[in-house]
>>> print(open('protein.txt').read())   # compact mmCIF, C-alpha atoms
# COMPACT_ATOMS: atom_id res chain seq x y z
CA MET A 251 59.88 134.62 100.60
CA LEU A 252 59.94 135.73 104.24
CA ALA A 253 58.55 132.36 105.29
CA GLY A 254 61.28 130.61 103.31
CA MET A 255 63.98 132.69 104.97
CA THR A 256 62.53 131.98 108.42
CA ARG A 257 62.45 128.25 107.69
CA ARG A 258 66.06 128.35 106.48
CA LEU A 259 67.21 130.15 109.62
CA ALA A 260 65.39 127.63 111.80
CA GLU A 261 66.85 124.59 109.99
CA VAL A 262 70.41 125.92 110.09
CA ALA A 263 70.09 126.94 113.75
CA LYS A 264 68.84 123.47 114.65
CA LYS A 265 71.62 121.80 112.67
CA VAL A 266 74.35 123.81 114.42
CA GLY A 267 72.71 124.08 117.83
CA VAL A 268 72.67 127.88 118.01
CA SER A 269 69.96 130.54 117.97
CA GLU A 270 68.36 131.86 114.79
CA ALA A 271 69.73 135.26 115.74
CA THR A 272 73.27 133.87 115.63
CA VAL A 273 72.65 132.37 112.19
CA SER A 274 71.29 135.72 111.01
CA ARG A 275 74.42 137.51 112.26
CA VAL A 276 76.64 135.11 110.32
CA LEU A 277 74.61 135.45 107.11
CA ASN A 278 74.67 139.24 107.36
CA GLY A 279 78.37 139.45 108.21
CA LYS A 280 77.77 140.99 111.61
CA PRO A 281 80.40 140.79 114.41
CA GLY A 282 80.00 139.06 117.75
CA VAL A 283 80.18 135.45 116.50
CA SER A 284 83.18 133.17 117.08
CA GLU A 285 85.07 131.87 114.06
CA GLY A 286 84.18 128.28 114.97
CA THR A 287 80.46 129.07 115.08
CA ARG A 288 80.67 131.04 111.84
CA GLN A 289 82.31 128.09 110.05
CA ALA A 290 79.76 125.68 111.51
CA VAL A 291 76.89 127.81 110.21
CA LEU A 292 78.43 128.08 106.73
CA THR A 293 79.06 124.33 106.62
CA ALA A 294 75.45 123.67 107.69
CA LEU A 295 74.26 125.82 104.78
CA ASP A 296 76.31 123.67 102.41
CA VAL A 297 75.12 120.39 103.91
CA LEU A 298 71.46 121.46 103.80
CA GLY A 299 71.82 122.56 100.19
CA TYR A 300 71.23 126.30 100.70
CA GLU A 301 73.08 128.94 98.73
CA ARG A 302 75.41 131.11 100.74
CA PRO A 303 74.92 134.88 100.57
CA THR A 304 76.98 136.34 97.72
CA GLN A 305 79.49 138.00 100.04
CA LEU A 306 80.28 134.67 101.70
CA ARG A 307 80.75 132.50 98.62
CA GLY A 308 84.47 133.13 98.46
CA ASN A 309 84.82 131.05 101.64
CA ARG A 310 82.57 128.36 100.33
CA ALA A 311 82.63 124.76 101.24
CA ARG A 312 84.81 123.15 103.76
CA LEU A 313 83.18 120.06 102.29
CA VAL A 314 85.20 117.16 100.86
CA GLY A 315 83.76 114.40 98.71
CA LEU A 316 84.58 110.86 99.82
CA VAL A 317 83.76 108.55 96.91
CA LEU A 318 83.56 104.79 97.57
CA PRO A 319 82.61 102.01 95.15
CA GLU A 320 80.49 100.16 97.72
CA LEU A 321 79.86 99.53 101.41
CA GLN A 322 79.28 95.75 101.28
CA ASN A 323 82.99 95.02 101.58
CA PRO A 324 83.90 96.00 105.19
CA ILE A 325 87.17 97.59 104.07
CA PHE A 326 85.32 100.58 102.58
CA PRO A 327 83.33 101.55 105.70
CA ALA A 328 86.64 101.24 107.55
CA PHE A 329 88.27 103.69 105.13
CA ALA A 330 85.25 106.00 105.50
CA ASP A 331 85.64 106.04 109.30
CA ILE A 332 89.36 106.81 109.15
CA VAL A 333 89.17 109.41 106.38
CA GLY A 334 86.09 111.05 107.92
CA ALA A 335 87.78 111.41 111.32
CA ALA A 336 90.97 112.79 109.74
CA LEU A 337 88.96 115.31 107.70
CA ALA A 338 87.14 116.48 110.82
CA GLN A 339 90.48 117.11 112.52
CA GLN A 340 91.37 119.36 109.58
CA GLY A 341 88.10 121.29 109.92
CA LEU A 342 86.66 119.61 106.83
CA THR A 343 83.32 117.83 106.49
CA PRO A 344 83.07 114.61 104.41
CA VAL A 345 80.28 114.12 101.90
CA LEU A 346 79.94 110.34 101.48
CA CYS A 347 79.22 109.20 97.92
CA THR A 348 78.63 105.45 97.57
CA GLN A 349 77.73 103.73 94.34
CA THR A 350 74.93 101.17 94.22
CA ALA A 351 73.82 98.90 91.42
CA GLY A 352 71.70 100.94 89.04
CA GLY A 353 72.18 104.05 91.18
CA VAL A 354 74.21 107.23 90.85
CA SER A 355 77.42 106.72 88.87
CA GLU A 356 80.86 107.92 89.88
CA ALA A 357 80.75 110.58 87.14
CA ASP A 358 77.35 111.76 88.41
CA TYR A 359 78.73 112.06 91.93
CA VAL A 360 81.60 114.18 90.63
CA SER A 361 79.10 116.52 88.95
CA LEU A 362 77.09 116.81 92.17
CA LEU A 363 80.22 117.51 94.20
CA LEU A 364 81.29 120.23 91.79
CA GLN A 365 77.84 121.80 92.10
CA GLN A 366 78.35 121.87 95.88
CA HIS A 367 81.71 123.63 95.38
CA VAL A 368 83.56 121.09 97.49
CA SER A 369 87.12 121.86 98.54
CA GLY A 370 88.44 118.50 97.33
CA VAL A 371 87.73 114.82 96.74
CA VAL A 372 89.17 111.58 98.13
CA PHE A 373 88.55 108.43 96.11
CA ALA A 374 89.02 105.07 97.86
CA GLY A 375 88.61 102.52 95.09
CA GLY A 376 86.91 103.45 91.85
CA LEU A 377 87.08 103.57 88.08
CA TYR A 378 90.57 105.07 88.19
CA ALA A 379 91.80 101.54 88.98
CA GLN A 380 90.30 100.12 85.76
CA ALA A 381 92.18 100.85 82.55
CA ASP A 382 89.17 100.28 80.26
CA ALA A 383 86.66 102.32 82.30
CA PRO A 384 85.59 105.90 81.45
CA HIS A 385 87.86 108.52 83.02
CA ASP A 386 86.52 111.83 81.71
CA HIS A 387 85.28 112.88 85.15
CA TYR A 388 88.81 112.62 86.53
CA ARG A 389 90.09 114.83 83.73
CA LEU A 390 87.33 117.32 84.55
CA LEU A 391 88.54 117.46 88.15
CA ALA A 392 92.09 118.04 86.94
CA GLU A 393 90.96 120.83 84.59
CA ARG A 394 89.18 122.53 87.51
CA ASN A 395 92.39 122.22 89.59
CA LEU A 396 90.33 120.66 92.37
CA PRO A 397 92.46 118.91 95.00
CA VAL A 398 92.09 115.13 94.60
CA VAL A 399 93.81 112.17 96.27
CA LEU A 400 93.43 108.54 95.21
CA ILE A 401 93.70 105.59 97.60
CA ASN A 402 95.24 102.49 96.01
CA ALA A 403 96.64 101.86 92.57
CA ALA A 404 95.41 103.88 89.61
CA ILE A 405 95.99 104.03 85.87
CA GLU A 406 98.93 106.15 84.79
CA HIS A 407 98.88 109.83 83.81
CA LEU A 408 95.93 111.03 85.91
CA GLY A 409 98.32 113.31 87.75
CA PHE A 410 96.77 112.98 91.23
CA PRO A 411 98.66 112.02 94.41
CA ARG A 412 98.19 108.34 95.26
CA VAL A 413 98.42 106.49 98.56
CA SER A 414 98.60 102.75 97.92
CA CYS A 415 99.20 99.45 99.62
CA ASP A 416 102.08 97.65 97.88
CA ASP A 417 100.32 94.92 95.92
CA SER A 418 103.60 93.32 94.87
CA VAL A 419 104.82 92.90 98.44
CA ALA A 420 101.40 91.58 99.49
CA VAL A 421 101.45 88.79 96.92
CA GLU A 422 105.07 87.95 97.62
CA GLN A 423 104.32 87.57 101.35
CA ALA A 424 101.31 85.35 100.65
CA TRP A 425 103.06 83.23 98.02
CA ARG A 426 106.14 82.61 100.15
CA HIS A 427 103.91 81.62 103.07
CA LEU A 428 102.11 78.99 100.99
CA SER A 429 105.39 77.83 99.45
CA SER A 430 106.91 77.40 102.93
CA LEU A 431 103.98 75.11 103.75
CA GLY A 432 104.84 72.89 100.78
CA HIS A 433 102.28 74.19 98.29
CA GLU A 434 103.45 74.05 94.68
CA ARG A 435 100.12 74.36 92.80
CA ILE A 436 99.19 77.86 93.95
CA GLY A 437 96.34 79.78 92.35
CA LEU A 438 95.55 83.47 92.13
CA LEU A 439 92.01 84.88 92.33
CA LEU A 440 91.90 88.40 90.90
CA GLY A 441 89.55 91.07 89.60
CA PRO A 442 89.03 92.00 85.92
CA SER A 443 92.06 91.97 83.61
CA ASP A 444 92.07 95.80 83.32
CA HIS A 445 92.13 96.26 87.12
CA VAL A 446 95.49 97.85 87.98
CA PRO A 447 95.97 96.31 91.47
CA SER A 448 95.13 92.89 90.01
CA ARG A 449 97.65 93.41 87.22
CA ARG A 450 100.30 94.26 89.79
CA LYS A 451 99.46 91.19 91.82
CA LEU A 452 99.73 88.95 88.75
CA VAL A 453 103.15 90.33 87.75
CA ALA A 454 104.40 89.91 91.31
CA ALA A 455 103.06 86.36 91.54
CA ARG A 456 104.83 85.30 88.36
CA GLY A 457 108.07 86.79 89.69
CA VAL A 458 107.92 85.14 93.10
CA ALA A 459 106.83 81.84 91.52
CA ALA A 460 109.99 81.80 89.44
CA ALA A 461 112.10 82.78 92.46
CA THR A 462 110.69 79.94 94.57
CA GLY A 463 111.00 77.30 91.86
CA THR A 464 107.25 77.01 91.30
CA SER A 465 105.09 78.23 88.43
CA LEU A 466 101.83 80.04 87.77
CA PRO A 467 100.19 78.70 84.60
CA ASP A 468 97.30 80.67 83.11
CA GLU A 469 94.79 78.03 84.19
CA HIS A 470 95.69 78.76 87.82
CA VAL A 471 94.62 82.42 87.51
CA GLY A 472 90.92 83.07 88.15
CA ARG A 473 88.98 86.27 87.49
CA ALA A 474 85.84 87.35 89.31
CA MET A 475 83.86 90.24 90.70
CA PHE A 476 85.03 91.34 94.16
CA THR A 477 82.26 89.50 96.00
CA LEU A 478 81.82 86.31 98.00
CA GLU A 479 79.70 84.84 95.21
CA GLY A 480 82.24 85.79 92.56
CA GLY A 481 85.03 84.28 94.60
CA GLN A 482 83.10 81.09 95.15
CA ALA A 483 82.38 80.55 91.45
CA ALA A 484 85.94 81.26 90.31
CA ALA A 485 87.59 79.32 93.15
CA ALA A 486 85.53 76.22 92.39
CA LYS A 487 87.18 76.05 88.97
CA LEU A 488 90.65 76.46 90.49
CA TRP A 489 90.01 73.68 93.04
CA GLU A 490 88.85 71.42 90.19
CA ARG A 491 92.15 72.10 88.39
CA GLY A 492 94.13 70.75 91.33
CA VAL A 493 95.24 73.98 92.98
CA THR A 494 96.03 73.43 96.69
CA GLY A 495 96.26 77.07 97.80
CA ILE A 496 94.61 80.27 96.56
CA ILE A 497 95.66 83.89 97.08
CA CYS A 498 92.66 86.20 96.72
CA ALA A 499 92.36 89.88 95.80
CA ASN A 500 90.11 90.68 98.78
CA ASP A 501 88.58 89.05 101.85
CA PRO A 502 85.03 88.45 100.51
CA MET A 503 86.50 86.52 97.57
CA ALA A 504 88.57 84.48 100.01
CA LEU A 505 85.46 83.60 102.02
CA GLY A 506 83.88 82.50 98.75
CA ALA A 507 86.89 80.29 98.06
CA VAL A 508 86.48 78.66 101.49
CA ARG A 509 82.79 78.04 100.81
CA ALA A 510 83.57 76.55 97.38
CA ALA A 511 86.10 74.16 98.92
CA ARG A 512 83.65 72.96 101.57
CA ARG A 513 80.89 72.38 99.04
CA MET A 514 83.32 70.21 97.09
CA GLY A 515 84.08 68.15 100.22
CA LEU A 516 87.48 69.74 100.85
CA SER A 517 88.54 70.86 104.31
CA VAL A 518 90.25 74.18 104.98
CA PRO A 519 93.12 74.07 105.86
CA GLY A 520 93.36 70.27 105.91
CA ASP A 521 93.08 69.77 102.14
CA VAL A 522 93.47 73.27 100.73
CA SER A 523 94.58 76.73 101.92
CA VAL A 524 93.16 80.22 101.32
CA ILE A 525 94.65 83.69 101.81
CA GLY A 526 92.62 86.90 101.63
CA TYR A 527 93.58 90.54 101.24
CA ASP A 528 92.63 93.61 103.36
CA ASP A 529 92.14 92.09 106.85
CA SER A 530 88.72 93.71 106.96
CA ALA A 531 86.34 93.57 109.92
CA PHE A 532 85.26 90.21 111.35
CA MET A 533 87.92 88.11 109.58
CA THR A 534 88.94 86.86 113.03
CA CYS A 535 85.37 85.60 113.50
CA THR A 536 85.11 83.33 110.46
CA ASP A 537 85.39 79.55 110.78
CA PRO A 538 88.30 79.07 110.58
CA PRO A 539 89.65 82.64 111.05
CA LEU A 540 90.95 83.94 107.72
CA THR A 541 94.66 84.18 106.93
CA THR A 542 94.96 87.45 105.05
CA VAL A 543 97.25 90.32 104.08
CA ARG A 544 96.51 93.43 106.09
CA GLN A 545 96.38 96.85 104.44
CA PRO A 546 97.62 99.60 106.81
CA ILE A 547 94.41 101.56 106.28
CA GLU A 548 94.86 103.85 109.28
CA ALA A 549 98.16 105.22 108.00
CA MET A 550 96.96 105.29 104.39
CA GLY A 551 93.73 107.14 105.17
CA ARG A 552 95.41 109.75 107.35
CA THR A 553 98.15 110.36 104.78
CA ALA A 554 95.55 110.81 102.04
CA VAL A 555 93.82 113.51 104.09
CA GLU A 556 97.12 115.21 104.94
CA LEU A 557 97.98 115.40 101.23
CA LEU A 558 94.52 116.72 100.41
CA ALA A 559 94.74 119.38 103.14
CA LEU A 560 98.08 120.56 101.76
CA LYS A 561 96.61 120.88 98.27
CA ILE A 562 93.55 122.73 99.61
CA ALA A 563 95.94 125.14 101.34
CA GLY A 564 97.60 125.81 97.98
CA LYS A 565 100.79 123.89 98.71
CA GLN A 566 102.63 121.89 96.07
CA VAL A 567 102.15 118.13 96.42
CA ALA A 568 103.98 115.63 94.20
CA SER A 569 101.81 113.24 92.22
CA ASP A 570 104.15 110.35 93.09
CA GLU A 571 102.60 107.18 94.47
CA LEU A 572 103.29 106.53 98.16
CA LEU A 573 103.51 102.77 98.74
CA TYR A 574 102.65 101.36 102.17
CA GLU A 575 103.92 98.00 103.39
CA PRO A 576 101.26 95.32 104.00
CA GLU A 577 101.45 92.64 106.69
CA LEU A 578 100.66 88.94 106.38
CA VAL A 579 98.36 87.87 109.21
CA VAL A 580 98.48 84.08 109.59
CA ARG A 581 95.33 82.56 111.08
CA GLY A 582 93.42 79.37 110.42
CA THR A 583 92.84 79.01 106.67
CA THR A 584 96.40 78.03 105.72
CA GLY A 585 98.22 74.83 106.58
CA PRO A 586 100.78 72.33 105.23
CA VAL A 587 100.01 70.77 101.87
CA ARG A 588 98.52 67.30 102.23
CA GLY A 589 101.13 64.69 101.33
>>> encode(input="protein.txt", output="structure tokens")
Amino acid sequence: MLAGMTRRLAEVAKKVGVSEATVSRVLNGKPGVSEGTRQAVLTALDVLGYERPTQLRGNRARLVGLVLPELQNPIFPAFADIVGAALAQQGLTPVLCTQTAGGVSEADYVSLLLQQHVSGVVFAGGLYAQADAPHDHYRLLAERNLPVVLINAAIEHLGFPRVSCDDSVAVEQAWRHLSSLGHERIGLLLGPSDHVPSRRKLVAARGVAAATGTSLPDEHVGRAMFTLEGGQAAAAKLWERGVTGIICANDPMALGAVRAARRMGLSVPGDVSVIGYDDSAFMTCTDPPLTTVRQPIEAMGRTAVELLALKIAGKQVASDELLYEPELVVRGTTGPVRG
């Protein structure tokens, strides 16, 4: 037992960069330690998975779960960087939870975070955006009154604050851009039919199509997983149906649409045009650089953390959805329709 205690002191001291004596003073509630050092020691205990002494558990966990659906799409590491930095400025430490195929599920991560007594959770993409997915773990968080903030559109009635990019404005910007270039047969490449942001994009596209004197028949709407391969497979069908421009639900899908066009002998943007969504990393480096709709992720991520910090502090925060304006970034994958 003594050996275990000594090892714990040594690990925590190394993690924080202080002496074992300092760690011991914190654990025993002794004076002579700055508040910053005391918090650092307690956070190190949490991160290393050690139980705090009973008398210190009331101050438990300046940890915050950051749950992401994946890291393959560059937009999610970007969100992680922004949210992580904003949490650090609030004196909070992010615990990154990323799903992998066949790995830990979102519900499992929630259970693990509750076991760690985290102060709150930020979700950036997840099952809350899918109407037909299981949502019991969100209800569990609500029952525990744990502060939670969701980034981007969610199903109704979860009751959590939401910080979202305006999907309707994004599609309207993209559609009007293609329409101004003479495109009339415009396609939409979306996620699953129960995906809330995709539903919003579809409704907006039908509205702007009517307003611009064009149309969006069902055969011009493709569905795919949010990957390059999924985008390529679905876009190939849309190109075969005579679509001349495609608006995609994310950048990897858009890159797949460009690849599909090239493999069919079509040039981008000479024959067909492609617009992505997110403006994630390296989209200026593709050939040609991708025209896309930029999410204001810096502002969104910082606002999400500000809302979470208010809830952690016990302040009232409305569960209304805050909508942020996207920006169309025109680069090299869109051009005039071929006459």
>>> atom_distance(input="protein.txt", atom1="atom CA of Asn323 of chain A", atom2="atom CA of Gly506 of chain A")
12.9 Å
>>> residues_around(input="protein.txt", residues="Ser369 of chain A", least_positions_apart="5", cutoff="9 Å", atoms="all atoms listed in the file", output="list of chain:residue names")
A:Arg310, A:Ala311, A:Arg312, A:Leu313, A:Val314, A:Gly315, A:Leu342, A:Leu396, A:Pro397, A:Ile562
>>> atom_distance(input="protein.txt", atom1="atom CA of Ser517 of chain A", atom2="atom CA of Thr534 of chain A")
18.2 Å
>>> residues_near_point(input="protein.txt", point="(98.3, 67.7, 102.7)", cutoff="12 Å", atoms="all atoms listed in the file", output="list in words")
Leu431, Gly432, His433, Glu434, Val493, Thr494, Gly495, Leu516, Ser517, Val518, Pro519, Gly520, Asp521, Val522, Ser523, Thr584, Gly585, Pro586, Val587, Arg588 and Gly589 of chain A
>>> closest_residue(input="protein.txt", among="A:Gly472, A:Pro538, A:Gly492, A:Gly370", to="Ala554 of chain A", atoms="only C-alpha atoms")
A:Gly370
>>> atom_distance(input="protein.txt", atom1="atom CA of Val446 of chain A", atom2="atom CA of Ala403 of chain A")
6.2 Å
>>> residues_around(input="protein.txt", residues="Arg394 of chain A", least_positions_apart="3", cutoff="12 Å", atoms="only C-alpha atoms", output="VMD selection string")
chain A and resid 360 to 361 364 367 to 370 387 to 391 397 to 398
>>> residues_around(input="protein.txt", residues="Leu298 of chain A", least_positions_apart="2", cutoff="12 Å", atoms="only C-alpha atoms", output="count of residues only")
23
>>> closest_residue(input="protein.txt", among="A:Thr464, A:Asn402, A:Thr583, A:Asn500", to="Thr536 of chain A", atoms="only C-alpha atoms")
A:Thr583
>>> closest_residue(input="protein.txt", among="A:Ala499, A:Val399, A:Leu488, A:Ile405", to="His385 of chain A", atoms="only C-alpha atoms")
A:Ile405
>>> closest_residue(input="protein.txt", among="A:Ala549, A:Leu557, A:Leu438, A:Ile332", to="Ala507 of chain A", atoms="all atoms listed in the file")
A:Leu438
>>> axis_aligned_box(input="protein.txt", around="segment 317-324 of chain A", padding_each_side="5 Å", output="AutoDock Vina command-line options")
--center_x 81.6 --center_y 101.8 --center_z 100.2 --size_x 14.6 --size_y 23.5 --size_z 20.0
>>> residues_around(input="protein.txt", residues="Leu452 of chain A", least_positions_apart="4", cutoff="10 Å", atoms="all atoms listed in the file", output="number ranges by chain")
A: 417-418, 421, 438-440, 443, 446-448, 456-457, 466, 471
>>> residues_around(input="protein.txt", residues="Pro502 of chain A", least_positions_apart="5", cutoff="7 Å", atoms="all atoms listed in the file", output="PyMOL selection string")
chain A and resi 323+476-478
>>> write_last_selection(input="protein.txt", atoms="C-alpha atoms", output="mmCIF file, keeping the file's coordinate frame")
data_model
loop_
_atom_site.group_PDB
_atom_site.id
_atom_site.type_symbol
_atom_site.label_atom_id
_atom_site.label_comp_id
_atom_site.auth_asym_id
_atom_site.auth_seq_id
_atom_site.Cartn_x
_atom_site.Cartn_y
_atom_site.Cartn_z
ATOM 1 C CA ASN A 323 82.990 95.020 101.580
ATOM 2 C CA PHE A 476 85.030 91.340 94.160
ATOM 3 C CA THR A 477 82.260 89.500 96.000
ATOM 4 C CA LEU A 478 81.820 86.310 98.000
#
>>> closest_residue(input="protein.txt", among="A:Val567, A:Leu505, A:Pro324, A:Cys498", to="Glu479 of chain A", atoms="all atoms listed in the file")
A:Leu505
>>> closest_residue(input="protein.txt", among="A:Asp331, A:Glu285, A:Glu575, A:Glu490", to="Gly551 of chain A", atoms="all atoms listed in the file")
A:Asp331
